[in-house]
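J.: Here it is: the structure, laid out below.
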Amino acid sequence: MNIYAISDLHLSTNSDKPMDVFGGNWEGHFEKIKSDWLFKVKDDDVVLLSGDTSWAMKLSDAIEDLNCLKGLPGKKVFIRGNHDYWWNGISKLRDSAPDESFYFLQTDSVKIGEFVIVGSRGWTCPGSPDFSETDEKLYLRESERFRLAFLDAEKRKENDEKIIAMIHYPPFNLKKEDSNFTRLFEEKGVEKVVFGHLHGSAFFPLVTEKNGVEYRLTSCDKTGFRLVKIY
């Protein structure tokens, strides 16, 4: 079983949000992703999607975007991004999943094979430009959600499963300073973390090694609209 990751697909089946307005490289971006997905992923593999999957505002429209992924191989694990406004009520979302290959994480985890996958949205970290008092409150709230997610993960661990963390926002600032997220990842023995949120030409390393944890930026335009192999 292989683990792949990609994020920020920004699908828009039922909304007028063409991504090519952000650059010519976005033209036909989902077809590029789909082609790479079909080439790499087998039915028993896992694909991690770290937020901003759909531009939809309500679940009924988002399901149309999720259906674009329905026929693709592998188990698909999702967390919420800052633009996933349709993600409102985890029970309803799970009940509406296109099929059993879809997993939605919200302050919890899932065990697949020899891996336990933990996920939550996260938030902008201290030391980032324009970090405000409002950001501080949301950062602390999201830190607590991750703590709860790891409590759930501890219940699922049976042997020596590897722990992977999914977060939408970068879990540290450009200076790579410690954050509540990185400290928690280190404390809980996470080996690899995937995140997204960032786009365009703004610099942020695709791979960062910090205190024994590997961090991977997987926003689809940053990866050339290709899935990144994590394990």
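Residues are named by chain letter and number: chains run A, B, ... in the order of the structure tokens, numbers start at 1 in each chain, and ligands are numbered from 1 in the order shown.
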Near segment 127-142 of chain A, counting only C-alpha atoms, which residues have an atom at most 10 Å away, once you skip same-chain residues fewer than 3 positions from it, shown as a list in words?

T.: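 The filter keeps Thr107, Ser120, Arg121, Gly122, Trp123, Thr124, Arg145, Phe146, Arg147, Leu148, Phe172, Asn173, Leu174, Lys175, Lys176, Glu177, Asp178, Ser179, Asn180 and Phe181 of chain A.
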
J.: If we count only C-alpha atoms, what is near Ala5 of chain A at a cut-off of 8 Å, once residues fewer than 3 positions away on the same chain are taken out, given as a count of residues only?

T.: 10

J.: Write out as a list in words each polymer residue whose atoms come within 9 Å of Lys76 of chain A, counting only C-alpha atoms; drop sequence neighbours fewer than 3 positions from it.

T.: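 The contact residues come out as Asp45, Val46, Val47, Leu48, Leu49, Leu69, Pro73, Ser101, Phe102, Tyr103 and Phe104 of chain A.
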
J.: Can those selected residues be exported to a file as a PDB file, in the first residue's frame so that it contains N, CA, C and O atoms?

T.:
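As a result, again_34.pdb now contains:
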```pdb
ATOM      1  N   ASP A  45      -4.213   1.699  -2.426  1.00  0.00           N
ATOM      2  CA  ASP A  45      -3.436   2.855  -1.998  1.00  0.00           C
ATOM      3  C   ASP A  45      -4.338   3.884  -1.310  1.00  0.00           C
ATOM      4  O   ASP A  45      -5.567   3.757  -1.300  1.00  0.00           O
ATOM      5  N   VAL A  46      -3.703   4.907  -0.742  1.00  0.00           N
ATOM      6  CA  VAL A  46      -4.419   5.979  -0.048  1.00  0.00           C
ATOM      7  C   VAL A  46      -3.983   7.314  -0.628  1.00  0.00           C
ATOM      8  O   VAL A  46      -2.787   7.531  -0.886  1.00  0.00           O
ATOM      9  N   VAL A  47      -4.948   8.229  -0.823  1.00  0.00           N
ATOM     10  CA  VAL A  47      -4.646   9.588  -1.269  1.00  0.00           C
ATOM     11  C   VAL A  47      -5.154  10.564  -0.213  1.00  0.00           C
ATOM     12  O   VAL A  47      -6.328  10.536   0.156  1.00  0.00           O
ATOM     13  N   LEU A  48      -4.270  11.418   0.270  1.00  0.00           N
ATOM     14  CA  LEU A  48      -4.597  12.420   1.280  1.00  0.00           C
ATOM     15  C   LEU A  48      -4.881  13.752   0.590  1.00  0.00           C
ATOM     16  O   LEU A  48      -4.059  14.237  -0.196  1.00  0.00           O
ATOM     17  N   LEU A  49      -6.030  14.351   0.893  1.00  0.00           N
ATOM     18  CA  LEU A  49      -6.444  15.615   0.269  1.00  0.00           C
ATOM     19  C   LEU A  49      -6.654  16.647   1.386  1.00  0.00           C
ATOM     20  O   LEU A  49      -7.647  16.629   2.092  1.00  0.00           O
ATOM     21  N   LEU A  69     -14.165  12.535  -8.189  1.00  0.00           N
ATOM     22  CA  LEU A  69     -13.131  11.665  -7.640  1.00  0.00           C
ATOM     23  C   LEU A  69     -13.628  10.245  -7.405  1.00  0.00           C
ATOM     24  O   LEU A  69     -12.834   9.360  -7.087  1.00  0.00           O
ATOM     25  N   PRO A  73      -9.080   5.388  -8.361  1.00  0.00           N
ATOM     26  CA  PRO A  73      -8.675   4.324  -7.430  1.00  0.00           C
ATOM     27  C   PRO A  73      -8.160   4.875  -6.108  1.00  0.00           C
ATOM     28  O   PRO A  73      -7.765   6.041  -6.008  1.00  0.00           O
ATOM     29  N   SER A 101     -15.031   4.636  -0.273  1.00  0.00           N
ATOM     30  CA  SER A 101     -13.618   4.986  -0.399  1.00  0.00           C
ATOM     31  C   SER A 101     -13.317   6.392   0.111  1.00  0.00           C
ATOM     32  O   SER A 101     -12.163   6.817   0.115  1.00  0.00           O
ATOM     33  N   PHE A 102     -14.354   7.130   0.547  1.00  0.00           N
ATOM     34  CA  PHE A 102     -14.201   8.507   1.009  1.00  0.00           C
ATOM     35  C   PHE A 102     -14.190   8.544   2.537  1.00  0.00           C
ATOM     36  O   PHE A 102     -15.107   8.021   3.181  1.00  0.00           O
ATOM     37  N   TYR A 103     -13.175   9.207   3.108  1.00  0.00           N
ATOM     38  CA  TYR A 103     -13.069   9.383   4.551  1.00  0.00           C
ATOM     39  C   TYR A 103     -12.909  10.875   4.848  1.00  0.00           C
ATOM     40  O   TYR A 103     -12.056  11.540   4.252  1.00  0.00           O
ATOM     41  N   PHE A 104     -13.718  11.399   5.761  1.00  0.00           N
ATOM     42  CA  PHE A 104     -13.662  12.810   6.119  1.00  0.00           C
ATOM     43  C   PHE A 104     -13.256  12.934   7.585  1.00  0.00           C
ATOM     44  O   PHE A 104     -13.937  12.404   8.468  1.00  0.00           O
TER      45      PHE A 104
END
```

J.: Grab the atom CA of Val116 of chain A to atom CA of Lys162 of chain A distance for me, in Å with one decimal place.

T.: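 About the pair atom CA of Val116 of chain A and atom CA of Lys162 of chain A: they are 6.2 Å apart.
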
J.: When you count only C-alpha atoms, which of these residues is closest to Val213 of chain A: A:Gly51, A:Gly89, A:Gly189, A:Pro170?

T.: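 Of the candidates, the smallest distance to Val213 of chain A is held by A:Gly189.
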
J.: Name the residues of segment 31-121 of chain A that fall into strand (DSSP E) according to DSSP on the backbone, using the chain letters and numbers of this document, as number ranges by chain.

T.: A: 46-49, 75-78, 102-104, 108-112, 115-120

J.: Write the residues of the preceding selection, restricted to N, CA and C atoms, as an mmCIF file, in the first residue's frame.

T.:
```
data_model
loop_
_atom_site.group_PDB
_atom_site.id
_atom_site.type_symbol
_atom_site.label_atom_id
_atom_site.label_comp_id
_atom_site.auth_asym_id
_atom_site.auth_seq_id
_atom_site.Cartn_x
_atom_site.Cartn_y
_atom_site.Cartn_z
ATOM 1 N N VAL A 46 -3.703 4.907 -0.742
ATOM 2 C CA VAL A 46 -4.419 5.979 -0.048
ATOM 3 C C VAL A 46 -3.983 7.314 -0.628
ATOM 4 N N VAL A 47 -4.948 8.229 -0.823
ATOM 5 C CA VAL A 47 -4.646 9.588 -1.269
ATOM 6 C C VAL A 47 -5.154 10.564 -0.213
ATOM 7 N N LEU A 48 -4.270 11.418 0.270
ATOM 8 C CA LEU A 48 -4.597 12.420 1.280
ATOM 9 C C LEU A 48 -4.881 13.752 0.590
ATOM 10 N N LEU A 49 -6.030 14.351 0.893
ATOM 11 C CA LEU A 49 -6.444 15.615 0.269
ATOM 12 C C LEU A 49 -6.654 16.647 1.386
ATOM 13 N N LYS A 75 -8.223 4.811 -1.543
ATOM 14 C CA LYS A 75 -9.010 5.394 -0.464
ATOM 15 C C LYS A 75 -8.658 6.868 -0.368
ATOM 16 N N LYS A 76 -9.662 7.720 -0.207
ATOM 17 C CA LYS A 76 -9.457 9.153 -0.257
ATOM 18 C C LYS A 76 -9.776 9.747 1.120
ATOM 19 N N VAL A 77 -8.799 10.414 1.721
ATOM 20 C CA VAL A 77 -8.961 10.978 3.062
ATOM 21 C C VAL A 77 -8.916 12.497 2.957
ATOM 22 N N PHE A 78 -9.960 13.152 3.471
ATOM 23 C CA PHE A 78 -10.119 14.599 3.333
ATOM 24 C C PHE A 78 -10.084 15.302 4.690
ATOM 25 N N PHE A 102 -14.354 7.130 0.547
ATOM 26 C CA PHE A 102 -14.201 8.507 1.009
ATOM 27 C C PHE A 102 -14.190 8.544 2.537
ATOM 28 N N TYR A 103 -13.175 9.207 3.108
ATOM 29 C CA TYR A 103 -13.069 9.383 4.551
ATOM 30 C C TYR A 103 -12.909 10.875 4.848
ATOM 31 N N PHE A 104 -13.718 11.399 5.761
ATOM 32 C CA PHE A 104 -13.662 12.810 6.119
ATOM 33 C C PHE A 104 -13.256 12.934 7.585
ATOM 34 N N ASP A 108 -10.591 14.126 14.492
ATOM 35 C CA ASP A 108 -10.466 12.701 14.759
ATOM 36 C C ASP A 108 -9.448 12.078 13.810
ATOM 37 N N SER A 109 -9.496 10.766 13.649
ATOM 38 C CA SER A 109 -8.476 10.065 12.878
ATOM 39 C C SER A 109 -9.090 8.845 12.211
ATOM 40 N N VAL A 110 -8.282 8.194 11.379
ATOM 41 C CA VAL A 110 -8.710 6.948 10.751
ATOM 42 C C VAL A 110 -7.495 6.025 10.663
ATOM 43 N N LYS A 111 -7.708 4.757 10.871
ATOM 44 C CA LYS A 111 -6.646 3.754 10.738
ATOM 45 C C LYS A 111 -6.845 3.016 9.426
ATOM 46 N N ILE A 112 -5.815 3.028 8.588
ATOM 47 C CA ILE A 112 -5.845 2.309 7.321
ATOM 48 C C ILE A 112 -4.549 1.527 7.217
ATOM 49 N N PHE A 115 -1.130 2.462 9.037
ATOM 50 C CA PHE A 115 -1.067 3.897 9.272
ATOM 51 C C PHE A 115 -2.276 4.380 10.064
ATOM 52 N N VAL A 116 -2.038 5.342 10.959
ATOM 53 C CA VAL A 116 -3.121 6.100 11.579
ATOM 54 C C VAL A 116 -2.986 7.532 11.076
ATOM 55 N N ILE A 117 -4.053 8.041 10.463
ATOM 56 C CA ILE A 117 -4.030 9.367 9.842
ATOM 57 C C ILE A 117 -4.861 10.317 10.690
ATOM 58 N N VAL A 118 -4.244 11.411 11.105
ATOM 59 C CA VAL A 118 -4.868 12.422 11.958
ATOM 60 C C VAL A 118 -5.033 13.691 11.136
ATOM 61 N N GLY A 119 -6.174 14.367 11.282
ATOM 62 C CA GLY A 119 -6.351 15.567 10.482
ATOM 63 C C GLY A 119 -7.223 16.633 11.112
ATOM 64 N N SER A 120 -6.875 17.894 10.839
ATOM 65 C CA SER A 120 -7.704 19.042 11.179
ATOM 66 C C SER A 120 -7.222 20.219 10.345
#
```

J.: For atom CA of Ile164 of chain A and atom CA of Leu206 of chain A, quote the distance in Å rounded to one decimal.

T.: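 Here the two named atoms are 16.8 Å from each other.
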
J.: Interatomic distance between atom CA of Arg216 of chain A and atom CA of Gly81 of chain A?

T.: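 So the two atoms, atom CA of Arg216 of chain A and atom CA of Gly81 of chain A, lie 16.1 Å apart.
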
J.: Return the single residue from A:Pro171, A:Glu161, A:Ser7, A:Ser54 that is closest to Pro126 of chain A, with distances computed using only C-alpha atoms.

T.: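 With only C-alpha atoms as the atom set, the closest residue is A:Pro171.
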
J.: Which is closer to Leu59 of chain A than all the others in A:Pro98, A:Pro205, A:Gly212, A:Gly200, using only C-alpha atoms?

T.: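 Closest residue, counting only C-alpha atoms: A:Pro98.
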
J.: When DSSP is applied to the backbone of this structure, which of segment 15-159 of chain A are assigned helix (DSSP H, G or I)? Write them out as an NGL selection string.

T.: :A and (19-22 or 24-26 or 29-40 or 59-70 or 90-95 or 133-156)

J.: For Asn67 of chain A, list every protein, DNA or RNA residue within 10 Å, evaluated using only C-alpha atoms, and leave out those in the same chain fewer than 4 positions away; present the list as a short mmCIF file (atom, residue, chain, number, x, y, z; two decimals) with N, CA, C and O atoms, in the first residue's frame.

T.:
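Below you can see out00.cif, which holds the result:
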```cif
data_model
loop_
_atom_site.label_atom_id
_atom_site.label_comp_id
_atom_site.auth_asym_id
_atom_site.auth_seq_id
_atom_site.Cartn_x
_atom_site.Cartn_y
_atom_site.Cartn_z
N THR A 13 -17.57 22.24 -10.32
CA THR A 13 -18.55 21.69 -11.25
C THR A 13 -19.78 22.57 -11.36
O THR A 13 -20.30 22.80 -12.45
N ALA A 62 -21.23 20.51 -3.57
CA ALA A 62 -19.91 19.91 -3.36
C ALA A 62 -19.89 18.43 -3.73
O ALA A 62 -18.88 17.92 -4.21
N ILE A 63 -21.03 17.75 -3.52
CA ILE A 63 -21.09 16.33 -3.86
C ILE A 63 -20.81 16.12 -5.34
O ILE A 63 -20.19 15.13 -5.74
N GLY A 71 -14.71 7.72 -9.22
CA GLY A 71 -14.22 6.59 -10.00
C GLY A 71 -12.72 6.39 -9.94
O GLY A 71 -12.20 5.46 -10.55
N LEU A 72 -12.02 7.26 -9.21
CA LEU A 72 -10.57 7.15 -9.16
C LEU A 72 -10.15 6.12 -8.11
O LEU A 72 -10.80 5.99 -7.07
N ALA A 97 -21.26 10.77 1.60
CA ALA A 97 -20.06 10.39 0.85
C ALA A 97 -20.43 9.58 -0.39
O ALA A 97 -21.31 8.71 -0.33
N PRO A 98 -19.81 9.85 -1.51
CA PRO A 98 -20.15 9.14 -2.76
C PRO A 98 -20.03 7.64 -2.66
O PRO A 98 -20.79 6.91 -3.28
N ASP A 99 -19.04 7.14 -1.92
CA ASP A 99 -18.93 5.69 -1.70
C ASP A 99 -18.01 5.45 -0.51
O ASP A 99 -17.56 6.39 0.16
#
```
